[in-house]
Amino acid sequence: MNELMVTTGEALRLLVSFDPALWEIIGVSFRVSLTAILVSLPPSLLLALLLARVSFPGRWLAISVVNTLMAVPTVVVGLVLFMLLSRSGPLGELRLLFTQRAMIIGQILLAMPILTAMLHSTFQSLDQRAWETARLLGASWFQALWMLIREARFGVIAALLAAFGRIIAEVGSAVMIGGNIEHFTRTITTAIALETLKGEFAQGLALGLVLLLLALLLNVLLGVMRGRGQQTVSV
Amino acid sequence: MLKRRLSLIAALALSCLLVSVAQAADTVRLATTTSTYNSGLLDYLLPKFEADHPYQIQVIPVGTGKALRLGRDGDVDLVLTHAPAAEKAFVDAGYGVEPHGVMYNDFVIVGPTDDPAGIAGGNDATQAFATLAEDEALFVSRGDDSGTDKKEKILWEQAGVTPDFDGFRAAGQGMGEVLRMASELQGYTLTDRGTWLAMQDKLDLEIMVEGDTQLFNPYQVILVNPERYDGLDTEGARALAEWLISDEGQSLIDGFRLNGKVLFHASAGEDVDPESVANQE
């Protein structure tokens, strides 16, 4: 118990003293995951709209596939990407393995199914007539689309937070295709795995605290925004 | 009906519990390095020990740093590791007792076949490391505080180099992962011979430097100090340690082959080469 207290104290000290090694790792994590989420958003939005608004043969199957992809273990994504990007793999010439770009690709693959599935159900729950009304009132196709996204903004934010939470906290694909290389591809989660392996629990715990604080912050933000949203509705 | 089913489940759960408690009484927990485990040495030795002794050994394969930490925290009964300086500190601090040399193997420096830094064929590890740094060659380091990592740091120090040159990559992963990474990136790395032999076929690398006494790698078995924690199975741990350094254990270690090659040399009772130990401190 005492050991736990000492370790936690040391972890807090590392955090507030802006230990450069610690904050460098946090920086890599955020750069990779934010890039991945920004790249994932536009195609996911389009895909979700397509699935929610356009009926085509096999639509239910496409929706099931998207929902299934949400459950793919991160290590499976890591393994498949590793085989593709390896020197002996079909994309080996690109020399992407063990780079931040490879990690971003992996996280895009993980984020897109969640984004698409959550955006799809958001769009589905919107009033069917909103789109037609906007079009009838003379909105262009693009304006109507923008209106739809605005209507669904809380759902969009929730989807973004859920997807971001998954990719910044995942370790399986990050360690396999990133390689946990110091100063290059070492992220919060791969560093935690390493520090635990080394028996250096304080730094691991400090990084864990960062993830926890981040999750709290994001959820509080979402709660605040939702609260405001409800108020304007009730007024 | 439901009641009967519930009592059946309760009885089953209880018996499972009893069985696991009964097993726990004879279970000895050994923290060791991935090199002894991944090479298959323990899978070969331990069943022979368990056949003649009333103990069951649970192996926890981790880096030397973590193994010693597990020992310090009383999470295991004994450790089998290869980092003389860290082991000495472990015993001096009273975390471990009764250290015994068991065996040794050696490290090799491996690298890509086209050898851009031109170190192939040498037998001076320090010189090779100096050349790698001078050439800013791509070098994948374990960087995980394991025995191999500690050895690597000593070699950099002896070469008079701070390992922060352009091609240096600290991976913070196990030997297998680092070898695969070196192969993918076509870089150099330091590896224990066991993991190298086990993975050689899958790698696009070759041995560059071997046979330097600097690359000597002694293993010690150390009991976790029973005075620090209650409930350690020190009897079982001592039985295993004594068996490993007995004539039987030692000849089994010498007889172990991986891909037809000798991997570990039994060395119980031999003095560890004082010069190499001094180097590791």
# chains A, B, ... in the order shown; residues from 1 in each chain; ligands from 1

call {"tool": "residues_around", "arguments": {"residues": "Asn219 in chain A", "least_positions_apart": "2", "cutoff": "12 Å", "atoms": "only C-alpha atoms", "output": "count of residues only"}}
result
20

call {"tool": "closest_atom_pairs", "arguments": {"of": "chain B", "to": "chain A", "cutoff": "9 Å", "atoms": "only C-alpha atoms", "output": "CSV"}}
result
residue,atom,partner,partner_atom,distance
B:Val62,CA,A:Leu197,CA,6.9
B:Gly63,CA,A:Leu197,CA,6.8
B:Thr64,CA,A:Lys198,CA,8.0
B:Gly65,CA,A:Lys198,CA,5.2
B:Lys66,CA,A:Gly199,CA,4.7
B:Ala67,CA,A:Gly199,CA,8.2
B:Leu68,CA,A:Gly199,CA,8.4
B:Arg69,CA,A:Gly199,CA,5.8
B:Leu70,CA,A:Gly199,CA,7.9
B:Val140,CA,A:Ile181,CA,8.8
B:Gly143,CA,A:Glu182,CA,8.4
B:Asp144,CA,A:Lys198,CA,6.1
B:Asp145,CA,A:Lys198,CA,5.9
B:Ser146,CA,A:Lys198,CA,7.3
B:Arg169,CA,A:Ile181,CA,6.0
B:Ala170,CA,A:Glu182,CA,5.2
B:Ala171,CA,A:Ile181,CA,4.2
B:Gly172,CA,A:Leu194,CA,6.0
B:Gln173,CA,A:Leu194,CA,7.0
B:Glu177,CA,A:Gly179,CA,8.2
B:Val178,CA,A:Gly179,CA,8.6
B:Met181,CA,A:Gly179,CA,7.6
B:Ser183,CA,A:Arg87,CA,8.7
B:Glu184,CA,A:Arg87,CA,5.9
B:Leu185,CA,A:Arg95,CA,8.2

call {"tool": "write_last_selection", "arguments": {"atoms": "C-alpha atoms", "output": "PDB file, in the first residue's frame"}}
result
ATOM      1  CA  VAL B  62      10.249 -10.948 -18.460  1.00  0.00           C
ATOM      2  CA  GLY B  63      13.286  -8.699 -18.864  1.00  0.00           C
ATOM      3  CA  THR B  64      15.974  -8.850 -16.160  1.00  0.00           C
ATOM      4  CA  GLY B  65      14.884  -5.453 -14.792  1.00  0.00           C
ATOM      5  CA  LYS B  66      11.316  -6.626 -14.271  1.00  0.00           C
ATOM      6  CA  ALA B  67      12.437 -10.042 -12.990  1.00  0.00           C
ATOM      7  CA  LEU B  68      14.498  -8.436 -10.237  1.00  0.00           C
ATOM      8  CA  ARG B  69      11.650  -6.057  -9.458  1.00  0.00           C
ATOM      9  CA  LEU B  70       9.275  -9.023  -9.086  1.00  0.00           C
ATOM     10  CA  VAL B 140      18.062  -0.964 -32.995  1.00  0.00           C
ATOM     11  CA  GLY B 143      16.158   0.109 -24.534  1.00  0.00           C
ATOM     12  CA  ASP B 144      14.108  -1.846 -21.999  1.00  0.00           C
ATOM     13  CA  ASP B 145      16.561  -2.166 -19.103  1.00  0.00           C
ATOM     14  CA  SER B 146      16.892  -5.915 -19.729  1.00  0.00           C
ATOM     15  CA  ARG B 169      16.642   3.607 -32.259  1.00  0.00           C
ATOM     16  CA  ALA B 170      15.633   2.555 -28.731  1.00  0.00           C
ATOM     17  CA  ALA B 171      12.729   0.156 -29.206  1.00  0.00           C
ATOM     18  CA  GLY B 172      11.825  -0.752 -25.641  1.00  0.00           C
ATOM     19  CA  GLN B 173      10.767  -4.248 -26.628  1.00  0.00           C
ATOM     20  CA  GLU B 177      10.664  -7.907 -31.622  1.00  0.00           C
ATOM     21  CA  VAL B 178      13.952  -6.016 -31.809  1.00  0.00           C
ATOM     22  CA  MET B 181      12.667  -4.673 -36.337  1.00  0.00           C
ATOM     23  CA  SER B 183      15.603  -7.058 -40.078  1.00  0.00           C
ATOM     24  CA  GLU B 184      12.779  -4.860 -41.368  1.00  0.00           C
ATOM     25  CA  LEU B 185      14.812  -1.658 -41.097  1.00  0.00           C
TER      26      LEU B 185
END

call {"tool": "select_by_dssp", "arguments": {"residues": "range 8-165 of chain B", "states": "helix (DSSP H, G or I)", "output": "JSON, numbers by chain"}}
result
{"B": [8, 9, 10, 11, 12, 13, 14, 15, 16, 17, 18, 19, 20, 21, 22, 23, 24, 25, 26, 34, 35, 36, 37, 38, 41, 42, 43, 44, 45, 46, 47, 48, 49, 50, 51, 52, 64, 65, 66, 67, 68, 69, 70, 71, 72, 84, 85, 86, 87, 88, 89, 90, 91, 92, 125, 126, 127, 128, 129, 130, 131, 132, 133, 134, 147, 148, 149, 150, 151, 152, 153, 154, 155, 156, 157, 158]}

call {"tool": "residues_around", "arguments": {"residues": "Gln143 in chain A", "least_positions_apart": "6", "cutoff": "10 Å", "atoms": "only C-alpha atoms", "output": "PyMOL selection string"}}
result
chain A and resi 131+134-135+149

call {"tool": "closest_atom_pairs", "arguments": {"of": "range 142-200 of chain A", "to": "range 59-82 of chain A", "cutoff": "8 Å", "atoms": "only C-alpha atoms", "output": "JSON lines"}}
result
{"residue": "A:Glu170", "atom": "CA", "partner": "A:Thr74", "partner_atom": "CA", "distance": 7.0}
{"residue": "A:Val171", "atom": "CA", "partner": "A:Thr74", "partner_atom": "CA", "distance": 7.6}
{"residue": "A:Gly172", "atom": "CA", "partner": "A:Val75", "partner_atom": "CA", "distance": 4.5}
{"residue": "A:Ser173", "atom": "CA", "partner": "A:Gly78", "partner_atom": "CA", "distance": 3.9}
{"residue": "A:Ala174", "atom": "CA", "partner": "A:Gly78", "partner_atom": "CA", "distance": 7.2}
{"residue": "A:Met176", "atom": "CA", "partner": "A:Gly78", "partner_atom": "CA", "distance": 5.7}
{"residue": "A:Ile177", "atom": "CA", "partner": "A:Phe82", "partner_atom": "CA", "distance": 5.8}

call {"tool": "atom_distance", "arguments": {"atom1": "CA of Glu10 in chain A", "atom2": "CA of Lys153 in chain B"}}
result
25.8 Å

call {"tool": "select_by_dssp", "arguments": {"residues": "range 74-127 of chain B", "states": "strand (DSSP E)", "output": "list in words"}}
result
Leu78, Val79, Leu80, Thr81, Gly96, Val97, Glu98, Pro99, His100, Gly101, Val102, Met103, Tyr104, Asn105, Asp106, Phe107, Val108, Ile109, Val110 and Gly111 of chain B

call {"tool": "write_last_selection", "arguments": {"atoms": "C-alpha atoms", "output": "PDB file, in the first residue's frame"}}
result
ATOM      1  CA  LEU B  78      13.400 -17.036  -7.138  1.00  0.00           C
ATOM      2  CA  VAL B  79      14.965 -15.369 -10.175  1.00  0.00           C
ATOM      3  CA  LEU B  80      17.247 -16.622 -12.962  1.00  0.00           C
ATOM      4  CA  THR B  81      18.816 -13.600 -14.660  1.00  0.00           C
ATOM      5  CA  GLY B  96      17.925 -11.796  -2.619  1.00  0.00           C
ATOM      6  CA  VAL B  97      19.999 -14.531  -0.970  1.00  0.00           C
ATOM      7  CA  GLU B  98      22.157 -17.484  -2.022  1.00  0.00           C
ATOM      8  CA  PRO B  99      23.259 -16.355  -5.500  1.00  0.00           C
ATOM      9  CA  HIS B 100      24.800 -19.094  -7.640  1.00  0.00           C
ATOM     10  CA  GLY B 101      26.288 -18.977 -11.120  1.00  0.00           C
ATOM     11  CA  VAL B 102      24.474 -21.542 -13.268  1.00  0.00           C
ATOM     12  CA  MET B 103      25.620 -21.216 -16.845  1.00  0.00           C
ATOM     13  CA  TYR B 104      26.614 -18.778 -19.534  1.00  0.00           C
ATOM     14  CA  ASN B 105      25.919 -18.128 -23.156  1.00  0.00           C
ATOM     15  CA  ASP B 106      27.117 -15.302 -25.336  1.00  0.00           C
ATOM     16  CA  PHE B 107      25.949 -12.292 -27.285  1.00  0.00           C
ATOM     17  CA  VAL B 108      26.524 -11.678 -30.965  1.00  0.00           C
ATOM     18  CA  ILE B 109      26.281  -8.496 -33.045  1.00  0.00           C
ATOM     19  CA  VAL B 110      24.073  -9.053 -36.085  1.00  0.00           C
ATOM     20  CA  GLY B 111      23.364  -6.818 -39.048  1.00  0.00           C
TER      21      GLY B 111
END

call {"tool": "residues_around", "arguments": {"residues": "Leu148 in chain A", "least_positions_apart": "2", "cutoff": "9 Å", "atoms": "only C-alpha atoms", "output": "ChimeraX atom specification"}}
result
/A:123,126,130-131,143-146,150-153

call {"tool": "write_last_selection", "arguments": {"atoms": "C-alpha atoms", "output": "mmCIF file, in the first residue's frame"}}
result
data_model
loop_
_atom_site.group_PDB
_atom_site.id
_atom_site.type_symbol
_atom_site.label_atom_id
_atom_site.label_comp_id
_atom_site.auth_asym_id
_atom_site.auth_seq_id
_atom_site.Cartn_x
_atom_site.Cartn_y
_atom_site.Cartn_z
ATOM 1 C CA PHE A 123 -28.321 10.524 -38.905
ATOM 2 C CA LEU A 126 -32.872 12.735 -37.283
ATOM 3 C CA ALA A 130 -35.520 17.819 -42.321
ATOM 4 C CA TRP A 131 -33.604 17.095 -45.509
ATOM 5 C CA GLN A 143 -26.316 23.504 -47.735
ATOM 6 C CA ALA A 144 -28.775 20.756 -46.880
ATOM 7 C CA LEU A 145 -25.880 18.459 -45.985
ATOM 8 C CA TRP A 146 -24.354 21.116 -43.756
ATOM 9 C CA ARG A 150 -25.406 20.849 -37.669
ATOM 10 C CA GLU A 151 -28.618 19.188 -36.549
ATOM 11 C CA ALA A 152 -26.597 16.118 -35.585
ATOM 12 C CA ARG A 153 -23.698 17.991 -33.961
#

call {"tool": "residues_around", "arguments": {"residues": "Arg228 in chain B", "least_positions_apart": "5", "cutoff": "12 Å", "atoms": "only C-alpha atoms", "output": "PDB file with C-alpha atoms, in the first residue's frame"}}
result
ATOM      1  CA  GLY B  71      11.803 -10.564  -6.718  1.00  0.00           C
ATOM      2  CA  ARG B  72      12.161  -7.349  -4.748  1.00  0.00           C
ATOM      3  CA  ASP B  73       8.373  -7.087  -4.401  1.00  0.00           C
ATOM      4  CA  GLY B  74       8.065 -10.718  -3.252  1.00  0.00           C
ATOM      5  CA  ASP B  75       5.899 -11.679  -6.230  1.00  0.00           C
ATOM      6  CA  ASP B  77      10.185 -17.183  -5.126  1.00  0.00           C
ATOM      7  CA  ALA B  93      20.321  -4.613  -0.791  1.00  0.00           C
ATOM      8  CA  GLY B  94      19.065  -7.768   0.923  1.00  0.00           C
ATOM      9  CA  TYR B  95      16.346  -8.483  -1.636  1.00  0.00           C
ATOM     10  CA  GLY B  96      17.925 -11.796  -2.619  1.00  0.00           C
ATOM     11  CA  VAL B  97      19.999 -14.531  -0.970  1.00  0.00           C
ATOM     12  CA  LEU B 223      16.408 -16.870  -4.032  1.00  0.00           C
ATOM     13  CA  THR B 234      11.649 -20.898  -0.269  1.00  0.00           C
TER      14      THR B 234
END

call {"tool": "residues_around", "arguments": {"residues": "range 156-164 of chain B", "least_positions_apart": "5", "cutoff": "9 Å", "atoms": "only C-alpha atoms", "output": "ChimeraX atom specification"}}
result
/B:125-131,133-134,151,169,279

call {"tool": "closest_residue", "arguments": {"among": "B:Thr213, B:Leu155, B:Thr189, B:Leu179", "to": "Gly167 in chain B", "atoms": "only C-alpha atoms"}}
result
B:Thr189
